[in-house]
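Next up, entry_15.cif (mmCIF, C-alpha atoms):
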```cif
data_final
loop_
_atom_site.group_PDB
_atom_site.id
_atom_site.type_symbol
_atom_site.label_atom_id
_atom_site.label_comp_id
_atom_site.auth_asym_id
_atom_site.auth_seq_id
_atom_site.Cartn_x
_atom_site.Cartn_y
_atom_site.Cartn_z
ATOM 1 C CA MET A 1 -16.055 2.589 -7.662
ATOM 2 C CA GLY A 2 -16.540 -1.160 -7.756
ATOM 3 C CA ASN A 3 -17.283 -4.022 -5.427
ATOM 4 C CA GLY A 4 -15.147 -4.547 -2.344
ATOM 5 C CA ARG A 5 -12.311 -7.102 -2.652
ATOM 6 C CA SER A 6 -11.739 -5.958 -6.240
ATOM 7 C CA GLY A 7 -8.572 -3.901 -5.890
ATOM 8 C CA THR A 8 -10.232 -0.608 -4.987
ATOM 9 C CA SER A 9 -7.810 -0.021 -2.086
ATOM 10 C CA VAL A 10 -4.793 -0.468 -4.330
ATOM 11 C CA LEU A 11 -6.263 1.819 -6.972
ATOM 12 C CA THR A 12 -7.075 4.523 -4.424
ATOM 13 C CA ARG A 13 -3.565 4.496 -2.981
ATOM 14 C CA CYS A 14 -2.035 4.607 -6.470
ATOM 15 C CA LEU A 15 -4.217 7.603 -7.394
ATOM 16 C CA ASN A 16 -2.967 9.196 -4.184
ATOM 17 C CA PHE A 17 0.637 8.552 -5.310
ATOM 18 C CA MET A 18 -0.253 10.381 -8.540
ATOM 19 C CA GLY A 19 -1.294 13.474 -6.587
ATOM 20 C CA VAL A 20 -5.004 12.931 -5.935
ATOM 21 C CA ASP A 21 -5.797 14.191 -2.423
ATOM 22 C CA LEU A 22 -7.603 11.859 0.002
ATOM 23 C CA GLY A 23 -8.138 14.508 2.684
ATOM 24 C CA ASN A 24 -6.614 15.040 6.079
ATOM 25 C CA ASP A 25 -9.156 13.170 8.183
ATOM 26 C CA LYS A 26 -8.678 9.754 9.764
ATOM 27 C CA MET A 27 -8.487 6.806 7.406
ATOM 28 C CA LEU A 28 -9.728 3.324 8.223
ATOM 29 C CA GLY A 29 -6.743 1.445 9.624
ATOM 30 C CA PRO A 30 -5.216 -1.641 8.017
ATOM 31 C CA ASN A 31 -6.331 -5.128 8.928
ATOM 32 C CA LYS A 32 -3.454 -7.590 9.335
ATOM 33 C CA LYS A 33 -5.455 -10.528 7.971
ATOM 34 C CA ILE A 34 -7.747 -8.931 5.395
ATOM 35 C CA ASN A 35 -6.085 -5.749 4.150
ATOM 36 C CA PRO A 36 -2.627 -5.255 5.697
ATOM 37 C CA LYS A 37 -1.670 -2.340 3.440
ATOM 38 C CA GLY A 38 -4.755 -0.310 4.389
ATOM 39 C CA TYR A 39 -8.169 0.509 2.944
ATOM 40 C CA PHE A 40 -7.661 4.237 2.239
ATOM 41 C CA GLU A 41 -11.257 4.889 3.213
ATOM 42 C CA ASN A 42 -12.342 8.008 5.089
ATOM 43 C CA GLU A 43 -13.829 6.947 8.438
ATOM 44 C CA THR A 44 -16.320 9.823 8.563
ATOM 45 C CA ILE A 45 -17.728 8.981 5.130
ATOM 46 C CA ILE A 46 -17.965 5.324 6.152
ATOM 47 C CA HIS A 47 -19.858 6.322 9.311
ATOM 48 C CA LEU A 48 -22.299 8.493 7.348
ATOM 49 C CA HIS A 49 -22.813 5.738 4.788
ATOM 50 C CA LYS A 50 -23.641 3.367 7.636
ATOM 51 C CA GLN A 51 -26.231 5.863 8.861
ATOM 52 C CA LEU A 52 -27.814 5.652 5.416
ATOM 53 C CA GLY A 53 -27.697 1.873 5.612
ATOM 54 C CA ALA A 54 -29.588 1.952 8.910
ATOM 55 C CA VAL A 55 -32.443 3.696 7.086
ATOM 56 C CA LEU A 56 -32.173 1.995 3.689
ATOM 57 C CA ARG A 57 -32.114 -1.689 4.536
ATOM 58 C CA PHE A 58 -32.418 -3.103 1.019
ATOM 59 C CA ARG A 59 -30.670 -2.560 -2.290
ATOM 60 C CA PRO A 60 -31.490 -0.995 -4.626
ATOM 61 C CA SER A 61 -32.906 1.850 -2.559
ATOM 62 C CA PRO A 62 -36.411 3.116 -3.463
ATOM 63 C CA GLU A 63 -36.582 5.638 -6.277
ATOM 64 C CA GLY A 64 -36.244 9.171 -4.894
ATOM 65 C CA TYR A 65 -34.709 7.980 -1.613
ATOM 66 C CA GLU A 66 -32.095 10.752 -1.767
ATOM 67 C CA ASN A 67 -34.793 13.367 -1.103
ATOM 68 C CA SER A 68 -36.783 11.434 1.505
ATOM 69 C CA PRO A 69 -37.254 12.966 4.987
ATOM 70 C CA GLN A 70 -35.206 10.215 6.636
ATOM 71 C CA VAL A 71 -32.269 10.632 4.259
ATOM 72 C CA VAL A 72 -32.003 14.401 3.718
ATOM 73 C CA PRO A 73 -30.445 15.136 7.169
ATOM 74 C CA ILE A 74 -27.710 12.543 6.503
ATOM 75 C CA LYS A 75 -27.272 13.859 2.979
ATOM 76 C CA ASN A 76 -26.709 17.357 4.361
ATOM 77 C CA LYS A 77 -24.150 16.029 6.853
ATOM 78 C CA ILE A 78 -22.226 14.413 4.007
ATOM 79 C CA LYS A 79 -22.351 17.597 1.941
ATOM 80 C CA ASP A 80 -21.153 19.769 4.822
ATOM 81 C CA TYR A 81 -18.370 17.346 5.662
ATOM 82 C CA VAL A 82 -17.157 17.063 2.066
ATOM 83 C CA TYR A 83 -17.155 20.843 1.704
ATOM 84 C CA GLU A 84 -15.084 21.375 4.829
ATOM 85 C CA GLN A 85 -12.702 18.522 4.078
ATOM 86 C CA PHE A 86 -12.012 19.275 0.414
ATOM 87 C CA LYS A 87 -12.955 22.917 -0.255
ATOM 88 C CA ASP A 88 -9.319 23.866 -0.892
ATOM 89 C CA LYS A 89 -8.467 20.765 -2.934
ATOM 90 C CA GLU A 90 -8.370 20.882 -6.716
ATOM 91 C CA VAL A 91 -8.375 17.130 -7.314
ATOM 92 C CA TRP A 92 -9.563 14.842 -4.526
ATOM 93 C CA ALA A 93 -11.117 11.428 -4.062
ATOM 94 C CA TRP A 94 -12.797 9.101 -1.638
ATOM 95 C CA LYS A 95 -13.345 5.362 -1.689
ATOM 96 C CA ASP A 96 -15.935 3.243 0.069
ATOM 97 C CA PRO A 97 -17.735 0.339 -1.658
ATOM 98 C CA ARG A 98 -20.996 1.648 -0.175
ATOM 99 C CA THR A 99 -20.701 4.611 -2.540
ATOM 100 C CA ASN A 100 -21.943 2.304 -5.305
ATOM 101 C CA ASP A 101 -25.260 2.022 -3.439
ATOM 102 C CA TYR A 102 -25.836 5.779 -3.106
ATOM 103 C CA LEU A 103 -24.817 7.342 -6.409
ATOM 104 C CA ALA A 104 -28.055 9.302 -6.811
ATOM 105 C CA LEU A 105 -27.372 10.971 -3.474
ATOM 106 C CA TRP A 106 -23.724 11.659 -4.259
ATOM 107 C CA LYS A 107 -24.539 13.147 -7.662
ATOM 108 C CA ASP A 108 -26.894 15.611 -5.941
ATOM 109 C CA ILE A 109 -24.221 16.536 -3.390
ATOM 110 C CA LEU A 110 -21.490 17.067 -5.966
ATOM 111 C CA ALA A 111 -23.826 19.118 -8.165
ATOM 112 C CA ASP A 112 -24.679 21.362 -5.195
ATOM 113 C CA LEU A 113 -20.960 21.820 -4.499
ATOM 114 C CA ARG A 114 -20.230 22.441 -8.193
ATOM 115 C CA VAL A 115 -17.808 19.538 -8.296
ATOM 116 C CA GLU A 116 -17.314 17.573 -11.513
ATOM 117 C CA PRO A 117 -17.317 13.852 -10.662
ATOM 118 C CA ASN A 118 -14.765 11.567 -12.300
ATOM 119 C CA CYS A 119 -15.420 7.885 -11.695
ATOM 120 C CA VAL A 120 -12.860 5.100 -11.894
ATOM 121 C CA ILE A 121 -14.446 1.653 -11.684
ATOM 122 C CA VAL A 122 -12.529 -1.553 -10.938
ATOM 123 C CA VAL A 123 -13.971 -4.924 -11.926
ATOM 124 C CA ARG A 124 -12.707 -8.328 -10.807
ATOM 125 C CA ASN A 125 -13.650 -11.898 -11.633
ATOM 126 C CA PRO A 126 -16.667 -12.652 -9.404
ATOM 127 C CA ILE A 127 -15.283 -16.091 -8.558
ATOM 128 C CA ASP A 128 -12.315 -14.396 -6.885
ATOM 129 C CA VAL A 129 -14.472 -11.717 -5.253
ATOM 130 C CA VAL A 130 -16.727 -14.335 -3.651
ATOM 131 C CA ALA A 131 -13.728 -16.392 -2.520
ATOM 132 C CA SER A 132 -12.199 -13.291 -0.973
ATOM 133 C CA ASN A 133 -15.465 -12.508 0.858
ATOM 134 C CA VAL A 134 -15.572 -16.029 2.267
ATOM 135 C CA ARG A 135 -11.919 -15.953 3.300
ATOM 136 C CA ALA A 136 -12.122 -12.505 4.877
ATOM 137 C CA TRP A 137 -15.515 -12.583 6.591
ATOM 138 C CA ASN A 138 -16.951 -16.090 6.120
ATOM 139 C CA ARG A 139 -19.817 -14.564 4.167
ATOM 140 C CA ASP A 140 -22.569 -16.497 2.471
ATOM 141 C CA GLU A 141 -21.442 -17.178 -1.101
ATOM 142 C CA THR A 142 -24.797 -16.486 -2.722
ATOM 143 C CA TRP A 143 -25.169 -13.173 -0.885
ATOM 144 C CA ALA A 144 -21.596 -12.178 -1.810
ATOM 145 C CA LEU A 145 -22.266 -12.969 -5.461
ATOM 146 C CA ARG A 146 -25.514 -10.988 -5.496
ATOM 147 C CA GLN A 147 -23.699 -8.048 -3.921
ATOM 148 C CA TRP A 148 -21.024 -8.281 -6.627
ATOM 149 C CA GLN A 149 -23.726 -8.237 -9.284
ATOM 150 C CA LEU A 150 -25.586 -5.278 -7.808
ATOM 151 C CA ARG A 151 -22.566 -3.132 -7.041
ATOM 152 C CA THR A 152 -21.075 -3.840 -10.450
ATOM 153 C CA LEU A 153 -24.388 -2.901 -12.061
ATOM 154 C CA PHE A 154 -24.738 0.218 -9.884
ATOM 155 C CA SER A 155 -21.205 1.383 -10.627
ATOM 156 C CA ILE A 156 -21.669 1.088 -14.387
ATOM 157 C CA ARG A 157 -25.359 1.920 -14.764
ATOM 158 C CA ASP A 158 -25.498 4.919 -12.444
ATOM 159 C CA THR A 159 -22.339 6.601 -13.758
ATOM 160 C CA TYR A 160 -23.655 6.747 -17.319
ATOM 161 C CA GLY A 161 -23.289 10.288 -18.638
ATOM 162 C CA LEU A 162 -20.461 11.120 -16.232
ATOM 163 C CA LYS A 163 -16.762 11.362 -16.938
ATOM 164 C CA ARG A 164 -15.645 7.832 -16.152
ATOM 165 C CA MET A 165 -13.655 4.752 -17.104
ATOM 166 C CA ILE A 166 -13.427 1.128 -16.050
ATOM 167 C CA VAL A 167 -10.316 -0.993 -15.502
ATOM 168 C CA SER A 168 -9.855 -4.664 -14.736
ATOM 169 C CA TYR A 169 -8.233 -6.082 -11.630
ATOM 170 C CA GLU A 170 -5.646 -7.857 -13.799
ATOM 171 C CA GLU A 171 -4.768 -4.659 -15.651
ATOM 172 C CA LEU A 172 -4.359 -2.778 -12.379
ATOM 173 C CA PHE A 173 -2.094 -5.365 -10.763
ATOM 174 C CA ASN A 174 -0.145 -6.665 -13.779
ATOM 175 C CA HIS A 175 0.352 -3.414 -15.701
ATOM 176 C CA THR A 176 -0.039 -0.840 -12.960
ATOM 177 C CA LEU A 177 1.916 2.077 -14.387
ATOM 178 C CA GLU A 178 0.309 1.743 -17.820
ATOM 179 C CA CYS A 179 -3.130 1.465 -16.212
ATOM 180 C CA LEU A 180 -2.603 4.603 -14.149
ATOM 181 C CA ARG A 181 -1.286 6.516 -17.149
ATOM 182 C CA LYS A 182 -4.435 5.588 -19.071
ATOM 183 C CA ILE A 183 -6.579 6.806 -16.170
ATOM 184 C CA SER A 184 -4.618 10.054 -16.012
ATOM 185 C CA THR A 185 -4.996 10.670 -19.736
ATOM 186 C CA THR A 186 -8.666 9.708 -19.948
ATOM 187 C CA LEU A 187 -9.816 11.693 -16.916
ATOM 188 C CA ASP A 188 -7.213 14.478 -17.118
ATOM 189 C CA LEU A 189 -5.818 13.679 -13.679
ATOM 190 C CA PRO A 190 -2.411 14.829 -12.447
ATOM 191 C CA TRP A 191 0.679 12.892 -13.483
ATOM 192 C CA PRO A 192 3.903 13.319 -11.478
ATOM 193 C CA GLU A 193 6.939 14.770 -13.192
ATOM 194 C CA ASP A 194 9.133 12.068 -11.678
ATOM 195 C CA GLU A 195 7.651 8.907 -13.141
ATOM 196 C CA ALA A 196 10.514 6.830 -11.748
ATOM 197 C CA GLU A 197 9.554 7.885 -8.220
ATOM 198 C CA LEU A 198 5.930 6.939 -8.862
ATOM 199 C CA LYS A 199 7.024 3.551 -10.148
ATOM 200 C CA CYS A 200 9.162 3.021 -7.050
ATOM 201 C CA LYS A 201 6.257 3.879 -4.758
ATOM 202 C CA ILE A 202 3.964 1.490 -6.610
ATOM 203 C CA GLU A 203 6.463 -1.376 -6.523
ATOM 204 C CA SER A 204 7.050 -0.937 -2.800
ATOM 205 C CA PHE A 205 3.299 -0.836 -2.136
ATOM 206 C CA ILE A 206 1.851 -3.651 -4.253
ATOM 207 C CA ASP A 207 2.642 -7.087 -2.878
ATOM 208 C CA PRO A 208 1.602 -9.946 -5.217
ATOM 209 C CA LYS A 209 1.718 -12.356 -2.271
ATOM 210 C CA LEU A 210 -1.337 -10.621 -0.807
ATOM 211 C CA GLN A 211 -3.552 -11.689 -3.745
ATOM 212 C CA THR A 212 -4.532 -14.797 -1.804
ATOM 213 C CA SER A 213 -7.969 -15.254 -3.396
ATOM 214 C CA ASN A 214 -6.727 -15.111 -6.983
ATOM 215 C CA SER A 215 -7.936 -18.323 -8.640
ATOM 216 C CA ASN A 216 -5.948 -17.685 -11.839
ATOM 217 C CA THR A 217 -9.075 -18.642 -13.752
ATOM 218 C CA SER A 218 -8.609 -17.886 -17.438
ATOM 219 C CA LEU A 219 -11.358 -16.065 -19.295
ATOM 220 C CA GLU A 220 -12.095 -19.217 -21.288
ATOM 221 C CA ASP A 221 -12.368 -21.240 -18.077
ATOM 222 C CA PHE A 222 -14.694 -18.607 -16.629
ATOM 223 C CA ILE A 223 -16.937 -18.689 -19.695
ATOM 224 C CA ASN A 224 -17.149 -22.492 -19.499
ATOM 225 C CA HIS A 225 -17.497 -22.647 -15.706
ATOM 226 C CA GLY A 226 -20.468 -24.853 -14.895
ATOM 227 C CA ASP A 227 -21.196 -23.306 -11.498
ATOM 228 C CA VAL A 228 -21.449 -19.719 -12.778
ATOM 229 C CA THR A 229 -24.856 -18.661 -14.087
ATOM 230 C CA GLN A 230 -25.202 -16.985 -17.463
ATOM 231 C CA ASP A 231 -26.325 -13.633 -16.039
ATOM 232 C CA VAL A 232 -23.127 -13.400 -13.971
ATOM 233 C CA LYS A 233 -21.020 -14.354 -16.982
ATOM 234 C CA ASP A 234 -22.789 -11.774 -19.159
ATOM 235 C CA LEU A 235 -22.195 -8.984 -16.644
ATOM 236 C CA TYR A 236 -18.513 -9.726 -16.138
ATOM 237 C CA LEU A 237 -17.884 -10.067 -19.878
ATOM 238 C CA LEU A 238 -19.723 -6.810 -20.529
ATOM 239 C CA ALA A 239 -17.647 -5.050 -17.877
ATOM 240 C CA LEU A 240 -14.446 -6.384 -19.460
ATOM 241 C CA GLU A 241 -15.676 -5.150 -22.841
ATOM 242 C CA GLY A 242 -15.872 -1.675 -21.333
ATOM 243 C CA THR A 243 -12.233 -1.869 -20.231
ATOM 244 C CA LYS A 244 -11.138 -2.403 -23.837
ATOM 245 C CA SER A 245 -12.760 0.642 -25.420
ATOM 246 C CA GLN A 246 -13.659 3.979 -23.896
ATOM 247 C CA GLU A 247 -15.862 4.747 -26.904
ATOM 248 C CA VAL A 248 -17.853 1.563 -26.357
ATOM 249 C CA PHE A 249 -18.029 2.080 -22.585
ATOM 250 C CA GLN A 250 -19.510 5.566 -22.951
ATOM 251 C CA SER A 251 -21.962 4.636 -25.704
ATOM 252 C CA LYS A 252 -25.742 4.562 -25.387
ATOM 253 C CA ALA A 253 -25.806 1.025 -26.791
ATOM 254 C CA TYR A 254 -23.535 -0.173 -23.981
ATOM 255 C CA HIS A 255 -25.715 1.538 -21.388
ATOM 256 C CA GLU A 256 -28.814 -0.147 -22.800
ATOM 257 C CA ARG A 257 -27.171 -3.548 -22.395
ATOM 258 C CA VAL A 258 -26.312 -2.711 -18.780
ATOM 259 C CA GLU A 259 -29.866 -1.533 -18.167
ATOM 260 C CA LYS A 260 -31.247 -4.828 -19.480
ATOM 261 C CA LEU A 261 -28.985 -6.823 -17.157
ATOM 262 C CA TYR A 262 -30.094 -4.604 -14.278
ATOM 263 C CA GLN A 263 -33.796 -5.095 -14.987
ATOM 264 C CA ASP A 264 -33.260 -8.829 -15.458
ATOM 265 C CA TYR A 265 -31.506 -8.968 -12.090
ATOM 266 C CA LEU A 266 -34.458 -7.270 -10.357
ATOM 267 C CA ASN A 267 -36.922 -9.575 -12.081
ATOM 268 C CA ASP A 268 -34.942 -12.688 -11.147
ATOM 269 C CA TYR A 269 -33.758 -11.870 -7.627
ATOM 270 C CA GLY A 270 -35.520 -8.766 -6.336
ATOM 271 C CA VAL A 271 -33.909 -6.591 -3.670
ATOM 272 C CA LEU A 272 -30.894 -7.606 -1.573
ATOM 273 C CA HIS A 273 -30.818 -7.112 2.179
ATOM 274 C CA ARG A 274 -27.953 -4.915 3.263
ATOM 275 C CA ASP A 275 -26.662 -7.403 5.847
ATOM 276 C CA PRO A 276 -25.389 -10.843 4.843
ATOM 277 C CA PRO A 277 -27.073 -13.854 6.410
ATOM 278 C CA LYS A 278 -25.309 -15.084 9.509
ATOM 279 C CA PRO A 279 -23.223 -18.210 8.942
ATOM 280 C CA GLU A 280 -24.697 -21.392 10.332
ATOM 281 C CA LYS A 281 -23.189 -22.610 13.580
ATOM 282 C CA LYS A 282 -21.306 -25.865 13.235
#
```
Would you write out, as structure tokens, the structure that this file holds?
Amino acid sequence: MGNGRSGTSVLTRCLNFMGVDLGNDKMLGPNKKINPKGYFENETIIHLHKQLGAVLRFRPSPEGYENSPQVVPIKNKIKDYVYEQFKDKEVWAWKDPRTNDYLALWKDILADLRVEPNCVIVVRNPIDVVASNVRAWNRDETWALRQWQLRTLFSIRDTYGLKRMIVSYEELFNHTLECLRKISTTLDLPWPEDEAELKCKIESFIDPKLQTSNSNTSLEDFINHGDVTQDVKDLYLLALEGTKSQEVFQSKAYHERVEKLYQDYLNDYGVLHRDPPKPEKK
């Protein structure tokens, strides 16, 4: 879980190194410029998510969308595909940033399949996420920021009550093995007997030189940043607070704070169109 350009690809591959199955179907290929190590996203799930996006053009989707006549056929396709792809797998995962937008639907599917969801959320400084969106796709900065806000809110708000945890981008990249061990312990995920081999795989996979949109903004600088609005600061700081304490992250009080930020977002900005505005021609 988490917004794109936040380290979700790295996390997914590392979970795979730990023994979490990603399925046998075709994965989205690497992009030399944007993501040369690969996305580790299932192409069929991406395609089905895009079918949902063709019906649900704004975020958040209307309440009860997961049971609407236009969505149910796609929902059933996803359920059938997941069953066939993972029915023999004990611990498996998928990653696609669009998942954040459709958690109500996915919770229904997993409940029908009697699968216990375990959610790992990655959060990254929104300044870096927006910069990465601009560098990769020349996206509108305001739209990219609003998407970061919504998907961060979705990932935290809509996983409340589930088995979950949240990690920071910095923790994942700077203390990878310790971060993965914490995930394994918290969510009772597999841990390889040969830790040295896991460490070797991680070190050969993660390339610090690829973190091209890392602004190295300190937390103090972020808090005092004049171009970042208070609602964005509050959300990022709250997400970081969740990375520090699992007890706090799972508490009702924390959820109520997230819910307030979510309602404030809707009051201030309304819904967000699924497609970014086209860049102006120069």
Explicit residue set for the PyMOL selection byres ((chain A and resi 248-258) around 9), as a CSV table (one decimal) with C-alpha atoms, keeping the file's coordinate frame:
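The resulting file, expr.csv, is reproduced below:
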```
chain,number,residue,atom,x,y,z
A,153,LEU,CA,-24.4,-2.9,-12.1
A,156,ILE,CA,-21.7,1.1,-14.4
A,157,ARG,CA,-25.4,1.9,-14.8
A,160,TYR,CA,-23.7,6.7,-17.3
A,161,GLY,CA,-23.3,10.3,-18.6
A,162,LEU,CA,-20.5,11.1,-16.2
A,163,LYS,CA,-16.8,11.4,-16.9
A,164,ARG,CA,-15.6,7.8,-16.2
A,165,MET,CA,-13.7,4.8,-17.1
A,166,ILE,CA,-13.4,1.1,-16.0
A,235,LEU,CA,-22.2,-9.0,-16.6
A,238,LEU,CA,-19.7,-6.8,-20.5
A,239,ALA,CA,-17.6,-5.0,-17.9
A,241,GLU,CA,-15.7,-5.2,-22.8
A,242,GLY,CA,-15.9,-1.7,-21.3
A,243,THR,CA,-12.2,-1.9,-20.2
A,244,LYS,CA,-11.1,-2.4,-23.8
A,245,SER,CA,-12.8,0.6,-25.4
A,246,GLN,CA,-13.7,4.0,-23.9
A,247,GLU,CA,-15.9,4.7,-26.9
A,259,GLU,CA,-29.9,-1.5,-18.2
A,260,LYS,CA,-31.2,-4.8,-19.5
A,261,LEU,CA,-29.0,-6.8,-17.2
A,262,TYR,CA,-30.1,-4.6,-14.3
A,263,GLN,CA,-33.8,-5.1,-15.0
```
Please compute the atom CA of Leu219 of chain A-atom CA of Arg139 of chain A distance, one decimal, in Å. 25.0 Å
Where's the centre, and what are the edge lengths in Å to one decimal, of a box along x, y and z enclosing all listed atoms of segment 118-133 of chain A padded 5 Å per side, as lines of an AutoDock Vina configuration file?
```
center_x = -14.5
center_y = -2.4
center_z = -5.7
size_x = 14.5
size_y = 38.0
size_z = 23.2
```
For the structure shown, which residues end up in the PyMOL selection byres ((chain A and resi 98) around 10)? Put them as a list in words, please?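 Selection result, ordered by chain and number: Met1, Gly2, Asn3, Gly4, Ile45, Ile46, His49, Lys50, Leu52, Gly53, Lys95, Asp96, Pro97, Thr99, Asn100, Asp101, Tyr102, Leu103 and Arg151 of chain A.
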Excluding same-chain residues fewer than 5 positions from segment 172-189 of chain A, what lies within 8 Å of it counting only C-alpha atoms, as a list in words? Gly7, Leu11, Cys14, Leu15, Val20, Val91, Asn118, Val120, Lys163, Arg164, Met165, Val167, Lys199, Ile202 and Ile206 of chain A
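Taking atom CA of Ala104 of chain A and atom CA of Asp158 of chain A as the two end points, the separation is 7.6 Å.
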As a check of understanding, name the residues that the PyMOL selection byres ((chain A and resi 37) around 10) selects in the supplied structure, as a PyMOL selection string. chain A and resi 9-10+13+29-32+34-36+38-40+205-207+210
Length of the atom CA of Asp88 of chain A to atom CA of Leu48 of chain A vector [Å]: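 Between these atoms lies a distance of 21.7 Å.
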Taking into account all atoms listed in the file, which residue in the set A:Ala196, A:Val228, A:Ala136, A:Ile121 is nearest to Phe154 of chain A?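 Of A:Ala196, A:Val228, A:Ala136, A:Ile121, the one nearest Phe154 of chain A, counting all atoms listed in the file, is A:Ile121.
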Between A:Glu280, A:Leu105, A:Val55, A:Met18, which one has atoms that come closest to Glu193 of chain A, using all atoms listed in the file?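 Of A:Glu280, A:Leu105, A:Val55, A:Met18, the one nearest Glu193 of chain A, counting all atoms listed in the file, is A:Met18.
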Leaving out Trp92 of chain A and any residue of its chain fewer than 6 positions from it, which residues lie within 9 Å of it when counting all atoms listed in the file, given as number ranges by chain? A: 16, 19-23, 86
Skipping near chain neighbours, those fewer than 4 positions away, what residues fall within 9 Å of Val271 of chain A using all atoms listed in the file, listed as a PDB file with C-alpha atoms, in the frame of the given file?
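Output file part_15.pdb is given in full below:
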```pdb
ATOM      1  CA  PHE A  58     -32.418  -3.103   1.019  1.00  0.00           C
ATOM      2  CA  ARG A  59     -30.670  -2.560  -2.290  1.00  0.00           C
ATOM      3  CA  PRO A  60     -31.490  -0.995  -4.626  1.00  0.00           C
ATOM      4  CA  SER A  61     -32.906   1.850  -2.559  1.00  0.00           C
ATOM      5  CA  LEU A 266     -34.458  -7.270 -10.357  1.00  0.00           C
TER       6      LEU A 266
END
```
